[in-house]
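Structure file start15.cif with mmCIF, C-alpha atoms:
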```cif
data_my_file
loop_
_atom_site.label_atom_id
_atom_site.label_comp_id
_atom_site.auth_asym_id
_atom_site.auth_seq_id
_atom_site.Cartn_x
_atom_site.Cartn_y
_atom_site.Cartn_z
CA MET A 1091 83.84 -139.98 -32.87
CA LYS A 1092 86.97 -139.83 -34.96
CA ILE A 1093 87.39 -142.69 -37.44
CA PHE A 1094 90.81 -143.54 -38.83
CA ASN A 1095 91.59 -145.91 -41.71
CA PHE A 1096 94.03 -148.38 -40.15
CA HIS A 1097 96.00 -150.54 -42.59
CA LEU A 1098 98.12 -153.63 -41.96
CA MET A 1099 99.25 -153.82 -45.60
CA PRO A 1100 99.24 -157.64 -45.72
CA TYR A 1101 100.71 -159.67 -48.54
CA ARG A 1102 97.24 -160.77 -49.61
CA HIS A 1103 98.54 -163.12 -52.34
CA VAL A 1104 100.20 -165.41 -49.80
CA ASP A 1105 99.62 -169.15 -50.22
CA LEU A 1106 97.35 -169.85 -47.24
CA ASP A 1107 97.73 -173.60 -47.59
CA ALA A 1108 101.50 -173.21 -47.33
CA VAL A 1109 101.07 -171.08 -44.22
CA GLY A 1110 98.80 -173.75 -42.76
CA ARG A 1111 101.33 -176.51 -43.47
CA HIS A 1112 104.12 -174.44 -41.98
CA GLY A 1113 102.15 -173.60 -38.84
CA THR A 1114 102.70 -169.84 -38.75
CA ALA A 1115 103.18 -166.87 -41.09
CA TRP A 1116 105.68 -165.25 -38.74
CA VAL A 1117 109.51 -165.19 -38.69
CA THR A 1118 110.15 -168.70 -40.04
CA PHE A 1119 107.78 -168.65 -43.03
CA SER A 1120 110.16 -168.38 -45.98
CA ASN A 1121 110.25 -165.14 -47.98
CA SER A 1122 110.57 -167.31 -51.09
CA HIS A 1123 106.76 -167.08 -51.06
CA TYR A 1124 106.98 -163.33 -51.77
CA ASP A 1125 106.57 -162.19 -55.39
CA PRO A 1126 108.14 -158.70 -55.76
CA VAL A 1127 105.96 -157.82 -58.77
CA LYS A 1128 102.77 -158.58 -56.85
CA GLY A 1129 104.16 -156.98 -53.71
CA ALA A 1130 105.01 -153.75 -55.49
CA GLU A 1131 101.48 -153.57 -56.87
CA LEU A 1132 100.06 -154.10 -53.39
CA TYR A 1133 102.03 -151.19 -51.95
CA HIS A 1134 100.53 -148.87 -54.56
CA ASP A 1135 97.02 -150.31 -54.03
CA TYR A 1136 97.30 -149.76 -50.30
CA LEU A 1137 98.61 -146.22 -50.62
CA ASP A 1138 95.72 -145.53 -53.02
CA GLN A 1139 93.31 -146.80 -50.36
CA MET A 1140 94.79 -144.50 -47.72
CA GLU A 1141 94.57 -141.50 -50.04
CA MET A 1142 90.98 -142.41 -50.88
CA ALA A 1143 90.10 -142.49 -47.17
CA ASP A 1144 91.49 -138.99 -46.81
CA ARG A 1145 89.46 -137.67 -49.75
CA LEU A 1146 86.26 -139.25 -48.41
CA GLY A 1147 86.51 -137.74 -44.96
CA PHE A 1148 88.23 -140.19 -42.63
CA ASP A 1149 89.87 -138.33 -39.74
CA GLY A 1150 93.19 -140.06 -40.15
CA VAL A 1151 95.16 -142.94 -41.61
CA CYS A 1152 97.26 -145.40 -39.59
CA LEU A 1153 100.33 -147.45 -40.37
CA ASN A 1154 102.22 -149.84 -38.12
CA GLU A 1155 105.42 -151.87 -37.85
CA HIS A 1156 105.90 -155.62 -38.20
CA HIS A 1157 108.85 -157.74 -39.28
CA GLN A 1158 109.36 -160.93 -41.26
CA THR A 1159 105.72 -161.77 -41.95
CA PRO A 1160 103.13 -161.51 -44.74
CA TYR A 1161 100.70 -160.34 -42.03
CA GLY A 1162 101.99 -156.80 -42.62
CA MET A 1163 104.54 -155.49 -45.13
CA MET A 1164 105.62 -152.46 -43.10
CA PRO A 1165 108.98 -153.12 -41.43
CA ILE A 1166 109.72 -149.40 -41.84
CA PRO A 1167 106.35 -147.62 -41.60
CA GLY A 1168 107.94 -144.18 -41.73
CA LEU A 1169 108.84 -144.81 -45.36
CA LEU A 1170 105.17 -145.21 -46.26
CA ALA A 1171 104.15 -142.32 -44.01
CA GLY A 1172 106.63 -140.19 -45.94
CA ALA A 1173 105.05 -141.30 -49.21
CA LEU A 1174 101.67 -140.18 -47.86
CA ALA A 1175 102.83 -136.96 -46.20
CA ARG A 1176 102.18 -134.79 -49.26
CA SER A 1177 99.34 -136.74 -50.89
CA ILE A 1178 97.23 -136.88 -47.71
CA LYS A 1179 95.88 -133.33 -47.67
CA ARG A 1180 93.61 -133.19 -44.63
CA ALA A 1181 93.67 -136.30 -42.45
CA LYS A 1182 96.17 -137.00 -39.71
CA ILE A 1183 98.87 -139.61 -40.30
CA ALA A 1184 99.60 -141.99 -37.44
CA VAL A 1185 102.40 -144.52 -37.16
CA LEU A 1186 101.18 -146.99 -34.52
CA GLY A 1187 103.97 -147.42 -33.91
CA ARG A 1188 107.70 -147.93 -33.97
CA ALA A 1189 108.89 -150.82 -31.78
CA LEU A 1190 111.42 -148.94 -29.65
CA PRO A 1191 113.14 -151.91 -27.92
CA LEU A 1192 114.13 -153.28 -31.33
CA MET A 1193 116.11 -150.13 -32.14
CA ASN A 1194 119.86 -149.94 -31.74
CA ASN A 1195 119.55 -146.16 -32.02
CA PRO A 1196 116.23 -144.65 -30.85
CA LEU A 1197 117.39 -141.20 -32.00
CA VAL A 1198 116.62 -142.42 -35.53
CA VAL A 1199 112.94 -142.55 -34.50
CA ALA A 1200 113.18 -139.06 -32.98
CA GLU A 1201 114.55 -137.77 -36.28
CA GLU A 1202 112.14 -139.75 -38.47
CA TYR A 1203 109.06 -138.66 -36.53
CA ALA A 1204 110.20 -135.03 -36.42
CA MET A 1205 110.61 -135.07 -40.20
CA LEU A 1206 107.11 -136.51 -40.65
CA ASP A 1207 105.69 -133.91 -38.28
CA ASN A 1208 107.27 -131.16 -40.37
CA LEU A 1209 106.20 -132.71 -43.69
CA THR A 1210 102.58 -132.87 -42.51
CA ARG A 1211 102.77 -129.45 -40.82
CA GLY A 1212 101.66 -130.92 -37.53
CA ARG A 1213 99.20 -133.62 -38.67
CA PHE A 1214 101.43 -136.44 -37.42
CA ILE A 1215 100.71 -138.82 -34.51
CA ALA A 1216 103.68 -140.62 -32.94
CA GLY A 1217 103.06 -144.21 -31.90
CA PHE A 1218 105.41 -146.08 -29.57
CA VAL A 1219 105.15 -149.83 -29.00
CA ARG A 1220 107.24 -152.58 -27.49
CA GLY A 1221 106.53 -154.87 -30.44
CA ILE A 1222 104.93 -158.30 -30.16
CA GLY A 1223 106.97 -161.28 -29.06
CA ALA A 1224 107.61 -162.57 -32.58
CA GLU A 1225 109.55 -159.39 -33.35
CA TYR A 1226 112.12 -160.26 -30.69
CA HIS A 1227 112.82 -163.55 -32.44
CA ALA A 1228 113.06 -161.72 -35.76
CA MET A 1229 115.42 -159.00 -34.54
CA GLY A 1230 117.50 -161.01 -32.08
CA ILE A 1231 116.63 -158.87 -29.05
CA ASN A 1232 116.33 -160.36 -25.57
CA PRO A 1233 112.60 -160.06 -24.67
CA ALA A 1234 113.49 -159.81 -20.97
CA GLU A 1235 115.05 -156.42 -21.75
CA SER A 1236 111.95 -155.20 -23.56
CA GLN A 1237 110.41 -153.01 -20.87
CA GLU A 1238 113.65 -151.33 -19.82
CA ARG A 1239 114.75 -150.71 -23.39
CA PHE A 1240 111.35 -149.27 -24.24
CA THR A 1241 111.32 -146.90 -21.27
CA GLU A 1242 114.86 -145.65 -21.85
CA ALA A 1243 114.29 -145.18 -25.59
CA HIS A 1244 111.02 -143.33 -25.01
CA ASP A 1245 112.51 -141.03 -22.38
CA LEU A 1246 115.44 -140.22 -24.64
CA ILE A 1247 113.19 -139.41 -27.61
CA ILE A 1248 110.96 -137.10 -25.57
CA ARG A 1249 113.99 -135.36 -24.10
CA ALA A 1250 115.54 -135.01 -27.58
CA TRP A 1251 112.32 -133.34 -28.78
CA THR A 1252 111.91 -130.98 -25.85
CA GLU A 1253 115.39 -130.13 -24.53
CA PRO A 1254 117.76 -128.01 -26.62
CA GLY A 1255 120.89 -129.92 -27.66
CA PRO A 1256 123.51 -130.96 -27.71
CA PHE A 1257 123.42 -132.91 -24.48
CA VAL A 1258 124.88 -136.19 -23.24
CA HIS A 1259 122.85 -139.34 -22.67
CA SER A 1260 124.43 -142.16 -20.73
CA GLY A 1261 121.95 -144.96 -20.09
CA LYS A 1262 121.92 -148.70 -19.59
CA TYR A 1263 121.25 -149.55 -23.23
CA TYR A 1264 122.04 -146.33 -25.14
CA GLN A 1265 124.97 -143.94 -24.86
CA PHE A 1266 125.42 -140.70 -26.81
CA ASN A 1267 127.89 -137.89 -26.33
CA TYR A 1268 125.85 -135.62 -28.57
CA VAL A 1269 122.05 -135.60 -28.65
CA ASN A 1270 121.08 -132.76 -30.97
CA PRO A 1271 118.57 -133.95 -33.60
CA TRP A 1272 117.61 -131.81 -36.58
CA PRO A 1273 114.84 -131.06 -37.41
CA ARG A 1274 112.84 -130.42 -34.26
CA PRO A 1275 109.15 -131.44 -34.27
CA TYR A 1276 106.63 -129.08 -35.86
CA GLN A 1277 104.16 -129.47 -32.96
CA THR A 1278 104.94 -128.04 -29.54
CA PRO A 1279 106.25 -129.60 -27.41
CA HIS A 1280 106.07 -132.70 -29.65
CA PRO A 1281 103.57 -134.78 -31.66
CA PRO A 1282 100.79 -136.47 -29.67
CA VAL A 1283 101.89 -139.91 -28.47
CA TRP A 1284 99.64 -142.94 -28.87
CA VAL A 1285 100.39 -146.33 -27.30
CA PRO A 1286 98.79 -149.49 -28.74
CA SER A 1287 98.74 -152.69 -26.67
CA GLN A 1288 97.16 -156.13 -26.48
CA GLY A 1289 96.18 -155.46 -22.87
CA SER A 1290 99.42 -155.34 -20.88
CA ALA A 1291 98.65 -153.95 -17.41
CA SER A 1292 102.04 -152.25 -17.22
CA THR A 1293 101.53 -150.58 -20.60
CA ILE A 1294 98.06 -149.34 -19.68
CA LYS A 1295 99.34 -147.94 -16.37
CA TRP A 1296 102.30 -146.26 -18.08
CA ALA A 1297 100.16 -144.75 -20.85
CA ALA A 1298 97.67 -143.35 -18.34
CA LYS A 1299 100.42 -141.91 -16.15
CA ASN A 1300 101.87 -140.08 -19.16
CA ARG A 1301 98.39 -139.05 -20.40
CA TYR A 1302 99.02 -140.71 -23.74
CA THR A 1303 96.19 -142.00 -25.92
CA TYR A 1304 95.82 -145.74 -25.38
CA ALA A 1305 94.78 -147.98 -28.30
CA GLN A 1306 93.44 -151.48 -27.63
CA THR A 1307 94.19 -153.99 -30.37
CA LEU A 1308 92.25 -157.03 -31.60
CA SER A 1309 90.09 -157.87 -28.58
CA PRO A 1310 86.42 -158.67 -27.89
CA ILE A 1311 84.50 -155.54 -26.97
CA ALA A 1312 83.90 -156.77 -23.40
CA ALA A 1313 87.66 -157.03 -22.91
CA VAL A 1314 88.14 -153.63 -24.56
CA ALA A 1315 85.72 -152.11 -22.05
CA LYS A 1316 87.66 -153.66 -19.14
CA PHE A 1317 91.01 -152.44 -20.45
CA PHE A 1318 89.65 -148.94 -21.00
CA GLN A 1319 88.22 -148.92 -17.48
CA MET A 1320 91.64 -149.94 -16.22
CA TYR A 1321 93.07 -146.92 -18.04
CA ARG A 1322 90.45 -144.62 -16.47
CA ASP A 1323 91.21 -146.04 -13.02
CA GLU A 1324 94.93 -145.45 -13.52
CA ALA A 1325 94.22 -141.90 -14.70
CA GLU A 1326 92.30 -141.24 -11.48
CA LYS A 1327 95.29 -142.49 -9.48
CA ALA A 1328 97.46 -140.09 -11.48
CA GLY A 1329 95.20 -137.20 -10.51
CA TYR A 1330 93.03 -136.56 -13.56
CA THR A 1331 89.90 -137.80 -15.34
CA ALA A 1332 90.60 -139.57 -18.61
CA SER A 1333 88.83 -138.27 -21.71
CA PRO A 1334 87.24 -140.57 -24.31
CA ASP A 1335 89.68 -138.93 -26.75
CA GLN A 1336 92.45 -140.80 -24.91
CA LEU A 1337 90.93 -144.16 -25.80
CA ALA A 1338 91.08 -145.74 -29.27
CA TRP A 1339 89.67 -149.10 -30.34
CA SER A 1340 91.31 -151.01 -33.20
CA ASN A 1341 88.69 -152.98 -35.14
CA SER A 1342 87.64 -154.20 -38.57
CA ILE A 1343 84.45 -153.01 -40.26
CA TYR A 1344 82.87 -154.25 -43.46
CA VAL A 1345 79.65 -152.78 -44.91
CA ALA A 1346 77.41 -154.25 -47.61
CA GLU A 1347 73.75 -153.85 -48.57
CA THR A 1348 72.58 -156.60 -46.21
CA ASP A 1349 73.97 -158.45 -43.21
CA GLU A 1350 73.99 -161.71 -45.17
CA LYS A 1351 75.92 -160.24 -48.09
CA ALA A 1352 78.42 -158.54 -45.80
CA MET A 1353 79.09 -161.75 -43.88
CA ARG A 1354 79.43 -163.78 -47.08
CA GLU A 1355 81.82 -161.33 -48.73
CA ALA A 1356 84.00 -160.64 -45.68
CA LYS A 1357 84.20 -164.25 -44.43
CA PRO A 1358 87.16 -165.67 -46.41
CA HIS A 1359 89.29 -162.57 -45.98
CA LEU A 1360 88.66 -162.07 -42.27
CA GLU A 1361 89.16 -165.74 -41.46
CA ALA A 1362 92.38 -165.75 -43.50
CA LEU A 1363 93.63 -162.85 -41.39
CA VAL A 1364 92.80 -164.36 -38.01
CA ASN A 1365 93.42 -168.05 -38.64
CA ARG A 1366 96.38 -167.93 -41.02
CA LEU A 1367 98.14 -164.56 -41.10
CA LEU A 1368 97.79 -163.74 -37.40
CA PHE A 1369 98.23 -167.17 -35.88
CA MET A 1370 101.46 -167.95 -34.05
CA PRO A 1371 102.48 -170.34 -31.27
CA ILE A 1372 102.14 -168.88 -27.79
CA GLU A 1373 105.91 -169.11 -27.24
CA MET A 1374 106.36 -166.83 -30.24
CA LEU A 1375 103.63 -164.39 -29.19
CA LEU A 1376 104.74 -164.23 -25.55
CA PRO A 1377 108.35 -165.40 -25.23
CA PRO A 1378 109.73 -165.88 -21.72
CA GLY A 1379 110.58 -162.58 -20.07
CA TYR A 1380 108.49 -160.46 -22.46
CA THR A 1381 105.74 -159.69 -19.95
CA ASN A 1382 104.75 -160.52 -16.40
CA PHE A 1383 102.52 -163.45 -15.49
CA GLU A 1384 99.45 -161.30 -14.78
CA SER A 1385 99.57 -159.59 -18.16
CA MET A 1386 100.29 -162.89 -19.93
CA GLU A 1387 97.20 -164.48 -18.42
CA ARG A 1388 95.09 -161.42 -19.32
CA ILE A 1389 96.26 -161.46 -22.94
CA ARG A 1390 95.77 -165.21 -23.26
CA SER A 1391 92.26 -164.94 -21.82
CA VAL A 1392 91.22 -162.77 -24.78
CA LYS A 1393 91.42 -165.97 -26.89
CA ILE A 1394 91.75 -164.32 -30.28
CA VAL A 1395 95.20 -165.69 -30.98
CA GLY A 1396 95.69 -169.42 -30.60
CA LYS A 1397 92.50 -171.14 -31.78
CA PRO A 1398 90.47 -171.09 -35.02
CA GLN A 1399 87.91 -168.32 -35.21
CA SER A 1400 84.96 -168.10 -37.59
CA ILE A 1401 83.54 -164.79 -38.74
CA GLU A 1402 80.46 -165.63 -36.68
CA ASP A 1403 82.66 -166.01 -33.57
CA LEU A 1404 84.36 -162.68 -34.21
CA VAL A 1405 81.11 -160.80 -34.83
CA LYS A 1406 79.43 -162.32 -31.78
CA ALA A 1407 82.37 -161.40 -29.55
CA GLY A 1408 82.44 -157.86 -30.88
CA VAL A 1409 85.96 -158.10 -32.27
CA VAL A 1410 84.70 -156.90 -35.66
CA ILE A 1411 81.56 -155.24 -37.04
CA ILE A 1412 80.18 -156.76 -40.23
CA GLY A 1413 76.80 -156.00 -41.75
CA SER A 1414 74.40 -153.60 -43.39
CA PRO A 1415 74.80 -149.86 -42.79
CA ASN A 1416 72.12 -149.94 -40.12
CA THR A 1417 73.69 -152.93 -38.33
CA VAL A 1418 77.13 -151.35 -38.37
CA ARG A 1419 75.80 -148.03 -37.09
CA GLU A 1420 73.92 -149.75 -34.26
CA LYS A 1421 76.85 -151.92 -33.19
CA LEU A 1422 79.45 -149.16 -33.36
CA ALA A 1423 77.25 -146.88 -31.23
CA GLU A 1424 76.57 -149.71 -28.76
CA TYR A 1425 80.28 -150.49 -28.44
CA GLN A 1426 81.25 -146.84 -28.11
CA ASP A 1427 78.79 -146.43 -25.23
CA LEU A 1428 79.94 -149.65 -23.56
CA ALA A 1429 83.67 -148.97 -23.69
CA GLY A 1430 83.73 -145.16 -23.71
CA PHE A 1431 86.17 -144.57 -26.57
CA ASN A 1432 86.06 -141.71 -29.03
CA THR A 1433 88.42 -142.97 -31.74
CA SER A 1434 87.88 -145.97 -34.01
CA LEU A 1435 90.98 -147.34 -35.74
CA THR A 1436 89.18 -149.22 -38.48
CA LYS A 1437 90.71 -151.78 -40.81
CA THR A 1438 88.76 -151.39 -44.04
CA GLN A 1439 90.99 -153.91 -45.83
CA PHE A 1440 91.92 -157.12 -44.05
CA GLY A 1441 93.54 -160.42 -44.88
CA THR A 1442 93.21 -161.40 -48.54
CA MET A 1443 90.62 -158.75 -49.46
CA PRO A 1444 91.19 -157.49 -53.04
CA HIS A 1445 91.67 -153.84 -53.95
CA ASP A 1446 88.25 -153.19 -55.52
CA MET A 1447 86.47 -154.72 -52.55
CA ALA A 1448 88.46 -152.61 -50.09
CA LYS A 1449 87.72 -149.44 -52.07
CA ALA A 1450 83.99 -150.24 -52.05
CA ASN A 1451 84.15 -150.77 -48.30
CA ILE A 1452 85.94 -147.46 -47.73
CA GLU A 1453 83.31 -145.67 -49.80
CA ALA A 1454 80.44 -147.39 -47.97
CA ILE A 1455 81.88 -146.49 -44.56
CA ALA A 1456 82.44 -142.90 -45.68
CA GLN A 1457 78.87 -142.55 -46.93
CA GLU A 1458 76.92 -144.65 -44.43
CA ILE A 1459 78.89 -144.51 -41.18
CA LEU A 1460 81.08 -141.42 -40.89
CA PRO A 1461 78.29 -138.80 -41.06
CA HIS A 1462 76.38 -140.48 -38.21
CA PHE A 1463 79.38 -140.46 -35.85
CA ARG A 1464 81.03 -137.15 -36.68
CA ASP A 1465 79.85 -135.43 -33.49
CA ARG A 1466 78.91 -138.47 -31.41
CA LEU A 1467 80.35 -138.98 -27.92
CA PRO A 1468 79.91 -141.99 -25.61
CA GLN A 1469 76.46 -142.11 -24.02
CA GLY A 1470 75.05 -143.74 -20.90
CA LYS A 1471 77.42 -144.60 -18.09
CA GLN A 1472 80.39 -143.17 -20.02
CA ALA A 1473 78.68 -139.85 -20.74
CA GLN A 1474 80.12 -138.18 -17.63
CA ALA A 1475 83.66 -138.97 -18.72
CA ALA A 1476 82.95 -137.31 -22.06
CA GLU A 1477 81.82 -134.00 -20.55
#
```
Please lay out the structure from this file as structure tokens.
Amino acid sequence: MKIFNFHLMPYRHVDLDAVGRHGTAWVTFSNSHYDPVKGAELYHDYLDQMEMADRLGFDGVCLNEHHQTPYGMMPIPGLLAGALARSIKRAKIAVLGRALPLMNNPLVVAEEYAMLDNLTRGRFIAGFVRGIGAEYHAMGINPAESQERFTEAHDLIIRAWTEPGPFVHSGKYYQFNYVNPWPRPYQTPHPPVWVPSQGSASTIKWAAKNRYTYAQTLSPIAAVAKFFQMYRDEAEKAGYTASPDQLAWSNSIYVAETDEKAMREAKPHLEALVNRLLFMPIEMLLPPGYTNFESMERIRSVKIVGKPQSIEDLVKAGVVIIGSPNTVREKLAEYQDLAGFNTSLTKTQFGTMPHDMAKANIEAIAQEILPHFRDRLPQGKQAQAAE
């Protein structure tokens, strides 16, 4: 299994009581609560954590894009990926991902990603997402146009990477007389494309059709297994057998000497993430027109967003893995076998967790978990897919 260090880069100093009084930390929560001195320090702490993960043997580091929220301070993740491109010496760097429908000019992403691919000499992973519903409120984009804008932007970027320019693009949302981006990607024909999702059926089908790696975000392991099986079924329809390397599970892991200590230490920070930083009204998460009814019901059924969750709830549901080294090893192996994935996108820092605590967790995972999973593939009923 490959294990990546996935960071949200939250503003961990946020006043949680103020968030609670306001109702949500997204879009309408005033940026007057942001202290630039503390925020600047956090950026450096978080970059230090990513560099530490590289030194200790994680297979990659992950960044992502969110807007107008203390949940994640990465409105332009490529900026931070650029800061890491020379300091990360071995691991891959993944941006999971840029929200294409929010872009007025998707060629900027083609250029940005090609630069990162060159800077890392081919260790870059290109993530494409539609962005969650709150982003459409933040950026003033009609959510009903989301799917079409995403598809057109994606197709244009891939064409810009693979077809010599200049050429003309005349689409519904984007028009260019000259498509001729410099530089071209370092990898041929382009960087690997990963597609994170909360469980949208259309996204899963599209990712499988294009043979892109699919990453399932913030879901109970039983739901993850169902979504991954959906991907495998769609791959069969497309004429191939999906590999476990095409399936990535986004999770949070915290390791301490005992289960009790791990639960006690992780509890306030994990519950702050889920119940304060992540919470948003359903109309903000899934605005009208953003997704079809089937996918909306599937996402809502996961029940991670929208009601208070204790750390005990999250551990029991298999959304997170918290415990002693032995407990974490057992659960991660069990979940890998159940769902059939071969990449773990692991948040080692979450919510309000301080820097020293996150560093200790990264070190514990590197020492106690990574060596046991380096060559492990899914077992049991998923073993055939791994062959």
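On the file presented, the PyMOL selection byres ((chain A and resi 1343) around 7) picks out Asn1341, Ser1342, Tyr1344, Val1345, Val1410, Ile1411, Ile1412, Thr1436, Lys1437 and Thr1438 of chain A.
Take CA of Tyr1425 in chain A and CA of Ala1315 in chain A: the distance between them is 8.5 Å.
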Expand the PyMOL selection byres ((chain A and resi 1105) around 12) into the explicit residue set it covers here, and present it as a PyMOL selection string.
chain A and resi 1101-1104+1106-1112+1114-1115+1119-1125+1160+1362+1366-1367+1441-1442
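Excluding Leu1376 in chain A and any residue on its chain fewer than 4 positions from it, the residues at most 8 Å away by all atoms listed in the file are Ile1222, Gly1223, Ala1224, Ile1372, Tyr1380, Thr1381 and Met1386 of chain A.
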Can you list what the PyMOL selection byres ((chain A and resi 1167-1182) around 9) grabs from this structure, as number ranges by chain?
A: 1094, 1133, 1137, 1140-1145, 1147-1156, 1163-1166, 1183-1188, 1199, 1202-1203, 1205-1207, 1209-1210, 1212-1215
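Of the listed residues (A:Ser1414, A:Glu1324, A:Ser1260, A:Tyr1268), A:Glu1324 comes nearest to Ala1291 in chain A; the distances count all atoms listed in the file.
Closest to Phe1266 in chain A among A:Lys1406, A:Ala1250, A:Gln1336, A:Ile1294 is A:Ala1250, based on all atoms listed in the file.
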List every protein, DNA or RNA residue that has an atom no more than 10 Å from (103.2, -142.2, -19.3) in the file's coordinate frame, counting all atoms listed in the file, and report them as JSON, numbers by chain.
{"A": [1241, 1244, 1245, 1283, 1285, 1293, 1294, 1295, 1296, 1297, 1298, 1299, 1300, 1301, 1302, 1303, 1328]}
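Going from CA of Ile1311 in chain A over to CA of Trp1339 in chain A, you cover 8.9 Å.
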Taking (115.8, -152.8, -23.2) in the coordinates of the supplied file, I want to know which residues reach to within 12 Å of it, counting only C-alpha atoms; could you give the answer as a short mmCIF file (atom, residue, chain, number, x, y, z; two decimals) with C-alpha atoms, in the coordinates of the input?
```cif
data_model
loop_
_atom_site.label_atom_id
_atom_site.label_comp_id
_atom_site.auth_asym_id
_atom_site.auth_seq_id
_atom_site.Cartn_x
_atom_site.Cartn_y
_atom_site.Cartn_z
CA ALA A 1189 108.89 -150.82 -31.78
CA LEU A 1190 111.42 -148.94 -29.65
CA PRO A 1191 113.14 -151.91 -27.92
CA LEU A 1192 114.13 -153.28 -31.33
CA MET A 1193 116.11 -150.13 -32.14
CA ASN A 1194 119.86 -149.94 -31.74
CA ASN A 1195 119.55 -146.16 -32.02
CA PRO A 1196 116.23 -144.65 -30.85
CA ARG A 1220 107.24 -152.58 -27.49
CA GLY A 1221 106.53 -154.87 -30.44
CA TYR A 1226 112.12 -160.26 -30.69
CA ILE A 1231 116.63 -158.87 -29.05
CA ASN A 1232 116.33 -160.36 -25.57
CA PRO A 1233 112.60 -160.06 -24.67
CA ALA A 1234 113.49 -159.81 -20.97
CA GLU A 1235 115.05 -156.42 -21.75
CA SER A 1236 111.95 -155.20 -23.56
CA GLN A 1237 110.41 -153.01 -20.87
CA GLU A 1238 113.65 -151.33 -19.82
CA ARG A 1239 114.75 -150.71 -23.39
CA PHE A 1240 111.35 -149.27 -24.24
CA THR A 1241 111.32 -146.90 -21.27
CA GLU A 1242 114.86 -145.65 -21.85
CA ALA A 1243 114.29 -145.18 -25.59
CA HIS A 1244 111.02 -143.33 -25.01
CA GLY A 1261 121.95 -144.96 -20.09
CA LYS A 1262 121.92 -148.70 -19.59
CA TYR A 1263 121.25 -149.55 -23.23
CA TYR A 1264 122.04 -146.33 -25.14
CA GLY A 1379 110.58 -162.58 -20.07
CA TYR A 1380 108.49 -160.46 -22.46
#
```
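Excluding Leu1404 in chain A itself and same-chain residues fewer than 2 positions from it, the residues having an atom within 10 Å of it are Ser1309, Pro1310, Leu1360, Glu1361, Val1364, Ile1394, Gln1399, Ser1400, Ile1401, Glu1402, Lys1406, Ala1407, Gly1408, Val1409, Val1410, Ile1411 and Ile1412 of chain A, counting all atoms listed in the file.
Comparing A:Arg1274, A:Ala1454, A:Val1117, A:Pro1398 by their smallest distance to Met1229 in chain A, the closest is A:Val1117 (using all atoms listed in the file).
For the pair CA of Gly1162 in chain A and CA of Thr1417 in chain A, the interatomic distance is 28.9 Å.
With all atoms listed in the file as the atoms that count, the minimum distance from His1280 in chain A to the choices A:Asn1208, A:Asn1267, A:Thr1348, A:Thr1307 is reached by A:Asn1208.
Comparing A:Asp1427, A:Val1219, A:Tyr1276, A:His1445 by their smallest distance to His1134 in chain A, the closest is A:His1445 (using only C-alpha atoms).
If only C-alpha atoms are the atoms counted, then among A:His1227, A:His1157, A:Arg1211, A:His1259 the closest residue to Pro1281 in chain A is A:Arg1211.
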9 Å contact set for Tyr1136 in chain A, all atoms listed in the file, chain neighbours under 6 positions out, as a PyMOL selection string:
chain A and resi 1097+1099+1439+1445
